[in-house]
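Written out below as structure tokens is the structure these notes cover.
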Amino acid sequence: MSLTTADLERIIRTVWSTQLSLDLSPTAASGLAGALRGEDTVLVKVYFVGEFNGRLEQRCSRHVSLSAAAAAFAASGTEVGTSDIRDTAAEMAHMTAGNLKSVLPGRCEVSNVQPGEPLENERVIAVAGFTFEDEPLTVEVIQSSGSPFTGR
């Protein structure tokens, strides 16, 4: 089976609505790229290792991350700290990656360990963009030709 943008969008919306009761609105990811640069962006990378090698990159505004953390901890935005925001963003990326395994071409495992060497021959196979309360969230799935941990 191969991953489509529609698959990616469906999985992300399901994970975010089921886990956090947050309703993400699909939008063109290309229009969000400029808004997701700089210090107010929370970036999480999750790696795939096995027959399919690559990574998932989730980028979202601080507002989206703060809203996710507040929902996860049943707290107000003023009651969650920076570590709660990062932890929630990482957990959402990992849940998305775990759900993607069934639609990726080939068996693989999910890892949060960053490889020591850059991945080779990378290509983006799917991109999804969303907004939540007019703030951006994007997820890219990137395939590489070799394992991120062996360099092969």
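Residue numbers start at 1 in each chain; chains themselves are named A, B, ... in the order of the structure tokens; ligands are numbered from 1 in the order shown.
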
Excluding stretch 6-11 of chain A and residues on its chain fewer than 5 positions from it, collect all residues at most 8 Å away from it, counting only C-alpha atoms, and give them as a short mmCIF file (atom, residue, chain, number, x, y, z; two decimals) with N, CA and C atoms, in the first residue's frame.
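This went into out.cif:
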data_model
loop_
_atom_site.label_atom_id
_atom_site.label_comp_id
_atom_site.auth_asym_id
_atom_site.auth_seq_id
_atom_site.Cartn_x
_atom_site.Cartn_y
_atom_site.Cartn_z
N PRO A 26 -8.63 21.11 7.11
CA PRO A 26 -7.64 20.92 6.04
C PRO A 26 -7.48 22.19 5.21
N THR A 96 0.52 9.88 15.30
CA THR A 96 0.30 9.95 13.85
C THR A 96 1.21 8.97 13.13
N ASN A 99 0.07 5.37 13.48
CA ASN A 99 -1.08 5.09 12.63
C ASN A 99 -0.72 5.03 11.15
N LEU A 100 0.33 5.73 10.76
CA LEU A 100 0.77 5.72 9.36
C LEU A 100 1.42 4.41 8.95
N VAL A 103 -0.16 2.19 6.34
CA VAL A 103 -0.33 2.63 4.95
C VAL A 103 0.99 2.96 4.27
N ALA A 126 4.18 12.70 0.95
CA ALA A 126 2.85 13.23 1.27
C ALA A 126 3.00 14.43 2.20
N VAL A 127 2.15 15.43 1.98
CA VAL A 127 2.13 16.63 2.82
C VAL A 127 0.68 16.96 3.11
N ALA A 128 0.40 17.31 4.36
CA ALA A 128 -0.95 17.73 4.73
C ALA A 128 -0.85 19.02 5.52
N GLY A 129 -1.77 19.93 5.24
CA GLY A 129 -1.82 21.20 5.96
C GLY A 129 -3.18 21.39 6.61
#

Give the strand (DSSP E) residues of stretch 93-143 of chain A, as DSSP finds them on the backbone, and put them as number ranges by chain. A: 108-111, 123-132, 135-143

If you run DSSP on the backbone here, which positions in chain A get alpha helix (DSSP H)? Please write them as a short mmCIF file (atom, residue, chain, number, x, y, z; two decimals) with C-alpha atoms, in the first residue's frame.
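Once written, part.cif looks like this:
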data_model
loop_
_atom_site.label_atom_id
_atom_site.label_comp_id
_atom_site.auth_asym_id
_atom_site.auth_seq_id
_atom_site.Cartn_x
_atom_site.Cartn_y
_atom_site.Cartn_z
CA THR A 5 -2.26 12.91 0.99
CA ALA A 6 -5.88 11.91 1.65
CA ASP A 7 -4.66 9.04 3.90
CA LEU A 8 -2.36 11.41 5.76
CA GLU A 9 -5.11 14.00 6.26
CA ARG A 10 -7.58 11.38 7.47
CA ILE A 11 -5.13 9.91 9.98
CA ILE A 12 -4.07 13.30 11.37
CA ARG A 13 -7.65 14.53 11.76
CA THR A 14 -8.67 11.27 13.43
CA VAL A 15 -5.74 11.31 15.88
CA TRP A 16 -6.19 14.96 16.84
CA SER A 17 -9.98 14.73 17.19
CA THR A 18 -9.93 11.41 19.06
CA GLN A 19 -7.09 12.21 21.45
CA LEU A 20 -7.65 15.94 22.02
CA ARG A 62 2.87 27.78 19.29
CA HIS A 63 -0.86 28.49 19.56
CA VAL A 64 -1.77 25.08 18.08
CA SER A 65 0.76 23.38 20.39
CA LEU A 66 -0.52 25.31 23.41
CA SER A 67 -4.13 24.41 22.57
CA ALA A 68 -3.15 20.74 22.18
CA ALA A 69 -1.33 20.71 25.54
CA ALA A 70 -4.24 22.44 27.28
CA ALA A 71 -6.62 19.82 25.86
CA ALA A 72 -4.29 16.94 26.77
CA THR A 82 6.91 24.69 27.82
CA SER A 83 7.70 21.03 28.55
CA ASP A 84 3.96 20.17 28.41
CA ILE A 85 3.73 21.88 25.02
CA ARG A 86 6.75 20.00 23.62
CA ASP A 87 5.64 16.68 25.13
CA THR A 88 2.13 16.97 23.68
CA ALA A 89 3.44 17.92 20.23
CA ALA A 90 5.82 14.94 20.33
CA GLU A 91 3.08 12.58 21.48
CA MET A 92 0.74 13.70 18.69
CA ALA A 93 3.50 13.22 16.09
CA HIS A 94 4.26 9.74 17.45
CA MET A 95 0.59 8.73 17.43
CA THR A 96 0.30 9.95 13.85
CA ALA A 97 3.45 8.04 12.85
CA GLY A 98 2.19 4.89 14.54
CA ASN A 99 -1.08 5.09 12.63
CA LEU A 100 0.77 5.72 9.36
#

In Å, rounded to a single decimal, give me how far atom CA of A:Cys60 is from atom CA of A:Glu140.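 It comes out at 11.7 Å.
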
Go ahead and compute the interatomic distance for atom CA of A:Leu36 and atom CA of A:Gln58, in Å to one decimal.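 So the two atoms, atom CA of A:Leu36 and atom CA of A:Gln58, lie 10.3 Å apart.
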
Across A:Val141, A:Phe132, A:Val124, A:Phe73, the smallest distance to A:Thr27, with only C-alpha atoms counted, is shown by A:Phe132

Could you tell me how far atom CA of A:Arg107 lies from atom CA of A:Thr138, in Å and to one decimal?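 Between atom CA of A:Arg107 and atom CA of A:Thr138 the gap works out to 24.3 Å.
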